[in-house]
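Trainee: Next comes the structure file structure_0.txt, holding compact mmCIF, C-alpha atoms and all ligand atoms.
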# COMPACT_ATOMS: atom_id res chain seq x y z
CA MET A 1 0.00 0.00 0.00
CA SER A 2 1.40 3.38 -0.95
CA ALA A 3 2.09 5.98 1.68
CA ALA A 4 -0.27 8.34 -0.10
CA PHE A 5 -3.08 5.85 0.19
CA GLN A 6 -2.40 5.27 3.88
CA ALA A 7 -2.57 8.97 4.57
CA ALA A 8 -6.04 9.19 3.11
CA PRO A 9 -8.83 9.56 5.67
CA ALA A 10 -8.76 6.57 7.95
CA LEU A 11 -12.28 5.51 7.13
CA ALA A 12 -11.05 4.57 3.63
CA ARG A 13 -10.40 0.85 4.06
CA PRO A 14 -11.43 -1.19 7.05
CA SER A 15 -9.06 -3.94 5.89
CA ALA A 16 -5.99 -1.66 5.82
CA LEU A 17 -3.34 -2.57 8.38
CA PRO A 18 -3.42 0.10 11.02
CA SER A 19 -0.19 2.01 11.21
CA PRO A 20 0.45 3.24 14.75
CA ARG A 21 1.24 6.72 13.54
CA LEU A 22 -1.79 7.09 11.30
CA ALA A 23 -4.21 5.09 13.42
CA PRO A 24 -7.61 6.72 13.36
CA ARG A 25 -9.35 7.81 16.52
CA PRO A 26 -12.18 5.41 17.12
CA ARG A 27 -14.94 6.99 15.11
CA ALA A 28 -17.49 8.56 17.42
CA ALA A 29 -21.14 8.41 16.45
CA LEU A 30 -22.13 11.50 14.49
CA LEU A 31 -23.57 14.10 16.83
CA ARG A 32 -26.57 15.73 15.13
CA ALA A 33 -27.51 19.18 16.42
CA GLY A 34 -31.05 20.08 15.42
CA THR A 35 -32.30 23.62 15.28
CA ARG A 36 -34.63 25.91 13.39
CA ALA A 37 -33.59 26.81 9.88
CA SER A 38 -33.36 30.56 10.61
CA PRO A 39 -30.02 32.37 10.27
CA LEU A 40 -30.06 33.15 14.02
CA ALA A 41 -30.71 29.52 14.98
CA LEU A 42 -27.91 28.36 12.68
CA ALA A 43 -25.49 30.95 14.08
CA GLN A 44 -26.37 29.78 17.59
CA THR A 45 -25.87 26.14 16.63
CA ARG A 46 -22.42 26.95 15.22
CA ARG A 47 -21.52 28.42 18.62
CA VAL A 48 -22.65 25.28 20.44
CA LEU A 49 -20.72 23.03 18.04
CA ASP A 50 -17.62 25.24 18.34
CA ALA A 51 -17.82 25.03 22.13
CA LEU A 52 -18.22 21.22 22.00
CA ARG A 53 -15.26 20.88 19.62
CA ALA A 54 -13.07 23.03 21.84
CA ALA A 55 -13.83 20.90 24.92
CA PRO A 56 -11.44 18.06 25.80
CA GLY A 57 -12.41 14.93 23.85
CA GLY A 58 -14.96 16.94 21.90
CA PRO A 59 -16.19 15.96 18.45
CA GLN A 60 -13.67 16.49 15.66
CA PRO A 61 -14.56 17.96 12.25
CA GLY A 62 -17.04 15.62 10.61
CA GLU A 63 -18.21 14.15 13.93
CA ALA A 64 -20.87 16.76 14.66
CA GLU A 65 -23.18 18.55 12.29
CA PRO A 66 -26.03 21.05 12.35
CA VAL A 67 -29.42 19.70 11.24
CA PRO A 68 -31.73 22.59 10.24
CA LEU A 69 -35.39 21.71 10.70
CA GLN A 70 -38.19 23.67 9.08
CA THR A 71 -40.88 24.40 11.65
CA SER A 72 -44.42 25.57 10.98
CA GLY A 73 -43.68 28.66 13.09
CA ASP A 74 -41.02 29.66 10.58
CA ALA A 75 -43.27 28.95 7.63
CA GLU A 76 -46.06 31.14 9.01
CA GLN A 77 -44.67 34.66 9.30
CA ARG A 78 -47.70 36.88 9.02
CA ARG A 79 -49.85 35.98 11.97
CA ARG A 80 -49.07 36.61 15.56
CA LEU A 81 -47.12 33.83 17.17
CA ALA A 82 -49.60 33.69 20.03
CA ASP A 83 -52.40 33.01 17.55
CA LEU A 84 -50.50 30.01 16.21
CA GLY A 85 -50.02 28.25 19.52
CA GLY A 86 -47.43 30.33 21.30
CA LYS A 87 -43.72 30.23 21.67
CA GLY A 88 -43.64 26.51 22.28
CA LEU A 89 -44.40 26.10 18.61
CA PHE A 90 -40.85 26.31 17.30
CA ALA A 91 -39.44 24.00 19.92
CA LYS A 92 -42.25 21.45 19.70
CA GLU A 93 -41.37 20.03 16.30
CA ILE A 94 -37.66 20.11 17.07
CA HIS A 95 -38.31 18.19 20.24
CA GLU A 96 -40.29 15.58 18.32
CA ALA A 97 -37.15 15.02 16.24
CA LEU A 98 -35.09 14.78 19.43
CA LEU A 99 -37.45 12.27 21.04
CA ASP A 100 -37.54 10.24 17.79
CA GLY A 101 -33.74 10.07 17.71
CA ARG A 102 -33.47 11.97 14.42
CA ILE A 103 -31.20 14.42 16.24
CA ASP A 104 -29.09 14.05 19.40
CA LEU A 105 -29.34 17.55 20.77
CA ALA A 106 -31.35 20.67 20.02
CA VAL A 107 -30.20 24.28 20.12
CA HIS A 108 -32.66 26.98 21.16
CA SER A 109 -32.91 30.58 22.23
CA LEU A 110 -33.86 29.92 25.83
CA LYS A 111 -36.50 32.63 25.73
CA ASP A 112 -38.37 30.73 23.01
CA LEU A 113 -38.37 27.48 24.96
CA GLU A 114 -41.58 26.45 26.72
CA THR A 115 -41.44 26.62 30.50
CA GLU A 116 -42.17 22.92 30.88
CA LEU A 117 -40.18 20.64 28.57
CA PRO A 118 -41.74 17.45 27.18
CA PRO A 119 -41.14 14.45 29.46
CA GLY A 120 -37.80 12.80 28.74
CA LEU A 121 -35.97 15.98 27.73
CA VAL A 122 -33.67 18.19 29.78
CA ILE A 123 -31.75 21.43 29.35
CA ALA A 124 -28.31 19.84 29.30
CA ALA A 125 -26.27 23.02 28.78
CA VAL A 126 -26.45 26.75 28.37
CA LEU A 127 -23.71 28.91 26.86
CA PRO A 128 -22.44 32.03 28.67
CA ARG A 129 -25.12 34.69 28.43
CA ALA A 130 -24.74 37.40 25.82
CA ASP A 131 -26.11 40.93 26.30
CA ALA A 132 -29.58 40.33 27.76
CA ARG A 133 -30.93 43.79 26.87
CA ASP A 134 -33.36 44.82 24.19
CA ALA A 135 -32.44 47.55 21.77
CA LEU A 136 -34.47 50.19 20.02
CA VAL A 137 -33.75 49.97 16.32
CA LEU A 138 -34.78 53.09 14.45
CA ALA A 139 -35.87 53.03 10.83
CA PRO A 140 -33.26 54.66 8.62
CA GLY A 141 -35.32 57.75 7.79
CA CYS A 142 -36.72 58.34 11.26
CA PRO A 143 -35.47 61.75 12.41
CA PRO A 144 -34.05 61.71 15.95
CA GLU A 145 -36.12 64.57 17.26
CA GLU A 146 -35.07 66.46 20.39
CA ARG A 147 -37.40 65.37 23.16
CA ARG A 148 -37.34 65.23 26.91
CA GLY A 149 -38.41 62.30 29.04
CA PRO A 150 -38.17 58.61 28.37
CA LEU A 151 -36.94 57.30 25.00
CA PRO A 152 -36.01 60.72 23.64
CA GLY A 153 -35.01 59.24 20.29
CA LEU A 154 -38.64 58.48 19.46
CA PRO A 155 -40.80 61.33 18.13
CA ALA A 156 -44.24 61.83 19.72
CA GLY A 157 -46.79 59.41 18.26
CA ALA A 158 -44.12 57.27 16.58
CA ARG A 159 -45.35 53.94 15.29
CA ILE A 160 -43.43 50.96 16.71
CA GLY A 161 -43.44 47.62 14.95
CA THR A 162 -43.40 44.61 17.24
CA ALA A 163 -45.26 41.38 17.94
CA SER A 164 -44.14 41.17 21.55
CA ALA A 165 -46.71 41.88 24.25
CA ARG A 166 -43.88 42.32 26.76
CA ARG A 167 -42.16 45.00 24.70
CA MET A 168 -45.43 46.73 23.83
CA ALA A 169 -46.59 46.88 27.45
CA GLN A 170 -43.35 48.39 28.71
CA LEU A 171 -43.09 50.93 25.89
CA ARG A 172 -46.73 51.97 26.35
CA HIS A 173 -46.21 52.28 30.07
CA LEU A 174 -43.26 54.64 29.49
CA ARG A 175 -44.76 56.45 26.50
CA PRO A 176 -48.56 56.36 26.15
CA ASP A 177 -48.26 58.45 22.98
CA LEU A 178 -46.62 55.66 20.98
CA ARG A 179 -48.60 53.68 18.43
CA PHE A 180 -48.04 50.05 17.50
CA GLY A 181 -48.19 47.86 14.43
CA LEU A 182 -47.56 44.14 14.03
CA LEU A 183 -44.03 43.30 12.91
CA ARG A 184 -42.91 39.72 13.09
CA GLY A 185 -40.65 37.27 11.30
CA ASN A 186 -36.99 36.56 11.85
CA VAL A 187 -34.57 39.35 12.70
CA GLN A 188 -33.56 40.05 9.09
CA THR A 189 -37.18 40.12 7.95
CA ARG A 190 -38.03 42.64 10.64
CA LEU A 191 -35.08 44.85 9.75
CA ARG A 192 -36.05 44.73 6.08
CA ARG A 193 -39.65 45.66 6.82
CA LEU A 194 -38.38 48.51 8.99
CA GLU A 195 -36.45 49.82 6.02
CA GLU A 196 -39.59 49.63 3.89
CA GLY A 197 -40.91 52.45 6.06
CA ASP A 198 -44.01 51.02 7.79
CA HIS A 199 -42.67 51.72 11.26
CA ALA A 200 -40.52 54.35 12.95
CA ALA A 201 -38.70 51.76 15.03
CA THR A 202 -38.72 48.25 16.37
CA VAL A 203 -37.29 46.54 19.44
CA LEU A 204 -34.94 43.59 19.05
CA ALA A 205 -32.74 41.63 21.41
CA MET A 206 -29.11 42.79 21.43
CA ALA A 207 -28.01 39.14 21.55
CA GLY A 208 -29.67 38.24 18.28
CA LEU A 209 -28.37 41.33 16.48
CA GLU A 210 -24.86 40.62 17.71
CA ARG A 211 -24.93 36.94 16.80
CA LEU A 212 -25.98 37.92 13.27
CA GLY A 213 -23.24 40.53 13.02
CA LEU A 214 -25.84 43.31 13.09
CA GLY A 215 -24.92 44.78 16.47
CA ALA A 216 -24.04 48.12 14.93
CA ARG A 217 -27.65 48.38 13.70
CA ALA A 218 -28.90 48.72 17.28
CA ALA A 219 -28.75 52.46 17.63
CA CYS A 220 -29.95 52.35 21.17
CA PRO A 221 -29.69 49.57 23.77
CA LEU A 222 -32.49 49.99 26.30
CA SER A 223 -31.55 49.76 29.96
CA THR A 224 -33.16 46.92 31.90
CA GLU A 225 -34.92 49.65 33.91
CA GLU A 226 -36.64 50.87 30.74
CA MET A 227 -37.22 47.43 29.28
CA LEU A 228 -36.97 44.28 31.36
CA PRO A 229 -35.91 41.43 29.05
CA ALA A 230 -37.81 38.19 28.58
CA ALA A 231 -36.84 35.28 30.83
CA GLY A 232 -33.83 33.62 29.23
CA GLN A 233 -33.11 36.41 26.75
CA GLY A 234 -29.52 36.28 25.50
CA ILE A 235 -29.09 32.65 26.53
CA ILE A 236 -28.50 29.77 24.11
CA ALA A 237 -29.83 26.52 25.57
CA VAL A 238 -29.19 22.95 24.48
CA THR A 239 -31.73 20.22 25.16
CA ALA A 240 -31.02 16.48 25.07
CA ARG A 241 -32.77 13.23 25.92
CA ALA A 242 -32.66 12.66 29.67
CA GLY A 243 -31.49 9.07 29.12
CA ASP A 244 -28.70 9.90 26.66
CA GLY A 245 -25.81 9.90 29.12
CA ALA A 246 -23.08 10.21 26.50
CA THR A 247 -24.52 13.37 24.93
CA ARG A 248 -25.39 14.81 28.33
CA ALA A 249 -21.81 14.27 29.55
CA ARG A 250 -20.47 16.13 26.53
CA LEU A 251 -22.93 18.96 27.06
CA ALA A 252 -22.13 19.15 30.78
CA GLY A 253 -18.59 20.01 29.67
CA ILE A 254 -19.77 23.24 28.01
CA ASP A 255 -22.46 24.24 30.51
CA HIS A 256 -21.93 27.72 32.01
CA ALA A 257 -22.96 27.45 35.65
CA PRO A 258 -23.65 31.15 36.42
CA THR A 259 -25.83 31.47 33.31
CA HIS A 260 -27.64 28.26 34.23
CA LEU A 261 -28.47 29.70 37.66
CA ALA A 262 -29.92 32.84 36.10
CA ALA A 263 -31.89 30.68 33.66
CA ARG A 264 -33.37 28.61 36.49
CA ALA A 265 -34.43 31.65 38.47
CA GLU A 266 -35.99 33.42 35.48
CA ARG A 267 -37.86 30.32 34.32
CA ALA A 268 -39.14 29.69 37.83
CA VAL A 269 -40.78 33.14 37.63
CA LEU A 270 -42.55 32.08 34.43
CA ALA A 271 -43.66 28.79 35.97
CA ALA A 272 -45.06 30.53 39.05
CA LEU A 273 -46.91 33.15 37.02
CA ASP A 274 -48.39 30.65 34.59
CA GLY A 275 -49.31 33.49 32.26
CA SER A 276 -50.88 32.96 28.87
CA CYS A 277 -48.53 33.41 25.94
CA ARG A 278 -49.90 36.96 25.58
CA THR A 279 -49.27 37.97 29.20
CA PRO A 280 -46.43 40.51 29.23
CA ILE A 281 -43.83 39.06 31.61
CA GLY A 282 -40.18 40.01 32.05
CA ALA A 283 -37.54 38.40 34.24
CA HIS A 284 -33.85 39.06 34.59
CA ALA A 285 -31.35 37.57 37.03
CA THR A 286 -27.75 38.61 37.58
CA LEU A 287 -25.06 37.37 39.93
CA GLY A 288 -23.94 40.34 42.00
CA PRO A 289 -20.37 41.06 43.06
CA ASP A 290 -21.52 39.94 46.52
CA GLY A 291 -22.09 36.46 45.07
CA ARG A 292 -25.86 36.76 45.53
CA LEU A 293 -28.44 36.27 42.85
CA HIS A 294 -30.39 39.45 42.03
CA LEU A 295 -33.70 38.74 40.35
CA GLU A 296 -36.08 41.29 38.84
CA ALA A 297 -39.43 40.48 37.29
CA LEU A 298 -42.55 42.21 36.04
CA VAL A 299 -46.07 41.50 34.93
CA ALA A 300 -48.05 43.99 32.88
CA ARG A 301 -51.12 44.50 30.81
CA GLU A 302 -50.47 44.74 27.10
CA ASP A 303 -51.94 48.25 26.91
CA GLY A 304 -49.48 49.43 29.59
CA SER A 305 -52.29 50.44 31.97
CA PHE A 306 -50.96 48.03 34.60
CA LEU A 307 -47.32 47.22 35.31
CA LEU A 308 -45.98 45.62 38.47
CA ARG A 309 -42.25 45.19 38.90
CA ARG A 310 -40.41 43.68 41.87
CA ALA A 311 -36.94 42.46 42.83
CA LEU A 312 -35.60 39.83 45.20
CA ARG A 313 -32.11 38.76 46.23
CA GLY A 314 -30.98 35.39 47.51
CA ALA A 315 -28.37 32.67 47.54
CA PRO A 316 -27.56 31.21 44.09
CA ALA A 317 -28.40 27.72 45.39
CA GLU A 318 -31.94 29.03 45.96
CA ALA A 319 -32.38 30.16 42.34
CA VAL A 320 -35.57 28.20 41.73
CA ARG A 321 -37.11 29.07 45.08
CA LEU A 322 -36.26 32.73 44.52
CA GLY A 323 -37.94 32.77 41.12
CA ALA A 324 -40.98 30.92 42.43
CA ALA A 325 -41.32 33.35 45.35
CA LEU A 326 -41.00 36.42 43.14
CA GLY A 327 -43.45 35.01 40.61
CA ALA A 328 -45.96 34.17 43.35
CA SER A 329 -45.66 37.66 44.83
CA LEU A 330 -46.30 39.31 41.45
CA ARG A 331 -49.22 37.04 40.79
CA ALA A 332 -50.79 37.71 44.18
CA ASP A 333 -50.89 41.44 43.48
CA SER A 334 -51.90 41.45 39.82
CA PRO A 335 -55.38 41.26 38.26
CA ALA A 336 -56.38 37.60 37.97
CA ASP A 337 -57.38 37.90 34.31
CA LEU A 338 -53.70 38.22 33.35
CA PHE A 339 -53.11 34.56 34.15
CA ALA A 340 -54.05 31.30 32.51
N1 LIG A 401 -38.37 35.56 19.50
C1 LIG A 401 -37.29 35.62 18.56
C2 LIG A 401 -35.99 35.64 19.25
N2 LIG A 401 -35.60 34.64 20.05
C3 LIG A 401 -34.36 34.93 20.55
C4 LIG A 401 -33.98 36.14 20.01
C5 LIG A 401 -32.72 36.84 20.28
C6 LIG A 401 -31.63 36.00 20.90
C7 LIG A 401 -31.75 35.82 22.37
O1 LIG A 401 -32.54 36.47 23.06
O2 LIG A 401 -31.00 34.97 22.88
C8 LIG A 401 -34.99 36.59 19.17
C9 LIG A 401 -35.02 37.82 18.37
C10 LIG A 401 -35.43 39.03 19.15
O3 LIG A 401 -36.21 38.92 20.12
O4 LIG A 401 -34.97 40.13 18.82
Is it possible to give me this structure as structure tokens?

Mentor:
Amino acid sequence: MSAAFQAAPALARPSALPSPRLAPRPRAALLRAGTRASPLALAQTRRVLDALRAAPGGPQPGEAEPVPLQTSGDAEQRRRLADLGGKGLFAKEIHEALLDGRIDLAVHSLKDLETELPPGLVIAAVLPRADARDALVLAPGCPPEERRGPLPGLPAGARIGTASARRMAQLRHLRPDLRFGLLRGNVQTRLRRLEEGDHAATVLAMAGLERLGLGARAACPLSTEEMLPAAGQGIIAVTARAGDGATRARLAGIDHAPTHLAARAERAVLAALDGSCRTPIGAHATLGPDGRLHLEALVAREDGSFLLRRALRGAPAEAVRLGAALGASLRADSPADLFA
């Protein structure tokens, strides 16, 4: 056998005599990472695969691949997500593929993941959180008028395009003069429609803009005081089958513990509130320099006429209890019709 032939990829000939120097690693099973077919989902999946490959014993090139899955939520861009069955919609079909074994792990924006996962699935890893804030993205022609008060970049009566009840409620609460139109679709679609001139501005997550290389487009990050992010915003989460120990062990190697704590606390708020998918809810946890978990959350009415915001601090080990307590406290003091 020629040297050239031996140097070819080791999977070439099972009968070839293994040379100690060129011996192949035992070929690991292909790790299939399912996700939505949107550019953001694919960018997020690349990050997860890069993190896995960089971990000791991680998959080598060719041993892990993204599997884009078309979901009905992606196909249906015009109607409001809530009218189609809520945010669980995107994850649902991806999780069917995970439970069927068509994929080995699934990559999600944590904020789009239903509060209660289907039985048999777990969040096996989260990546370090990106910027959790929302940003005001102004349409190119929208003149930044001199104003006083909140959101000075937005002229009086400006029309904001969004499909998010949480963003609408908080903007209306700050600025009752603003008007709203429906703007949905993936990040690029929304930016394109903004340029077409239907809206003066929209609100998008900093994390998504940055992951798509569009960070510079966010003229104006909103402080978390102005706009409390959605639970899990800025966090990439990876789900796996609870019984798939090998994949879970690999994912445990890339899990970012401080981000996971914040994720638990924020999702416990959602679970305690049990809002409908149209209930405006925000939740944001940070680990303070004192080592304590600082959790803020709010519930509002979509028209901004009601907004209740509270904060709680506690030990990181109590993340879930802290979120549950804050959620219960908000629920106790909010109108009952806001909840499912
Ligand atoms: N609902 C769409 C969605 N899901 C996650 C992100 C951004 C990325 C993140 O929050 O991690 C976005 C876009 C947006 O809200 O602007």

Trainee: If you measure from CA of Leu127 (chain A) to CA of Thr115 (chain A), what distance in Å do you get, rounded to one decimal?

Mentor: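 CA of Thr115 (chain A) lies 18.2 Å from CA of Leu127 (chain A).
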
Trainee: Could you report the residues within 8 Å of ligand LIG 401 (chain A), using only C-alpha atoms and all ligand atoms, as an NGL selection string?

Mentor: :A and (40 or 87 or 109-112 or 130 or 132 or 134 or 186-187 or 203-209 or 211 or 230 or 232-236)

Trainee: Save the residues we just selected, C-alpha atoms, as a compact mmCIF listing (two decimals), in the coordinates of the input?

Mentor:
# COMPACT_ATOMS: atom_id res chain seq x y z
CA LEU A 40 -30.06 33.15 14.02
CA LYS A 87 -43.72 30.23 21.67
CA SER A 109 -32.91 30.58 22.23
CA LEU A 110 -33.86 29.92 25.83
CA LYS A 111 -36.50 32.63 25.73
CA ASP A 112 -38.37 30.73 23.01
CA ALA A 130 -24.74 37.40 25.82
CA ALA A 132 -29.58 40.33 27.76
CA ASP A 134 -33.36 44.82 24.19
CA ASN A 186 -36.99 36.56 11.85
CA VAL A 187 -34.57 39.35 12.70
CA VAL A 203 -37.29 46.54 19.44
CA LEU A 204 -34.94 43.59 19.05
CA ALA A 205 -32.74 41.63 21.41
CA MET A 206 -29.11 42.79 21.43
CA ALA A 207 -28.01 39.14 21.55
CA GLY A 208 -29.67 38.24 18.28
CA LEU A 209 -28.37 41.33 16.48
CA ARG A 211 -24.93 36.94 16.80
CA ALA A 230 -37.81 38.19 28.58
CA GLY A 232 -33.83 33.62 29.23
CA GLN A 233 -33.11 36.41 26.75
CA GLY A 234 -29.52 36.28 25.50
CA ILE A 235 -29.09 32.65 26.53
CA ILE A 236 -28.50 29.77 24.11

Trainee: So, counting all atoms listed in the file, which residue among A:Leu214, A:Ala201, A:Ala336, A:Val126 is closest to Gly161 (chain A)?

Mentor: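 Ranked by minimum distance to Gly161 (chain A), first place goes to A:Ala201.
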
Trainee: If we count all atoms listed in the file and set the cut-off at 12 Å, which residues sit around Asp100 (chain A), ignoring sequence neighbours fewer than 3 positions away in its own chain? Please answer as a short mmCIF file (atom, residue, chain, number, x, y, z; two decimals) with C-alpha atoms, in the coordinates of the input.

Mentor:
data_model
loop_
_atom_site.label_atom_id
_atom_site.label_comp_id
_atom_site.auth_asym_id
_atom_site.auth_seq_id
_atom_site.Cartn_x
_atom_site.Cartn_y
_atom_site.Cartn_z
CA GLU A 93 -41.37 20.03 16.30
CA ILE A 94 -37.66 20.11 17.07
CA HIS A 95 -38.31 18.19 20.24
CA GLU A 96 -40.29 15.58 18.32
CA ALA A 97 -37.15 15.02 16.24
CA ILE A 103 -31.20 14.42 16.24
CA ASP A 104 -29.09 14.05 19.40
CA LEU A 105 -29.34 17.55 20.77
CA GLY A 120 -37.80 12.80 28.74
CA LEU A 121 -35.97 15.98 27.73
CA ALA A 240 -31.02 16.48 25.07
CA ARG A 241 -32.77 13.23 25.92
#

Trainee: How far is it from CA of Glu226 (chain A) to CA of Arg133 (chain A), in Å with one decimal?

Mentor: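 Distance between the two atoms: 9.9 Å.
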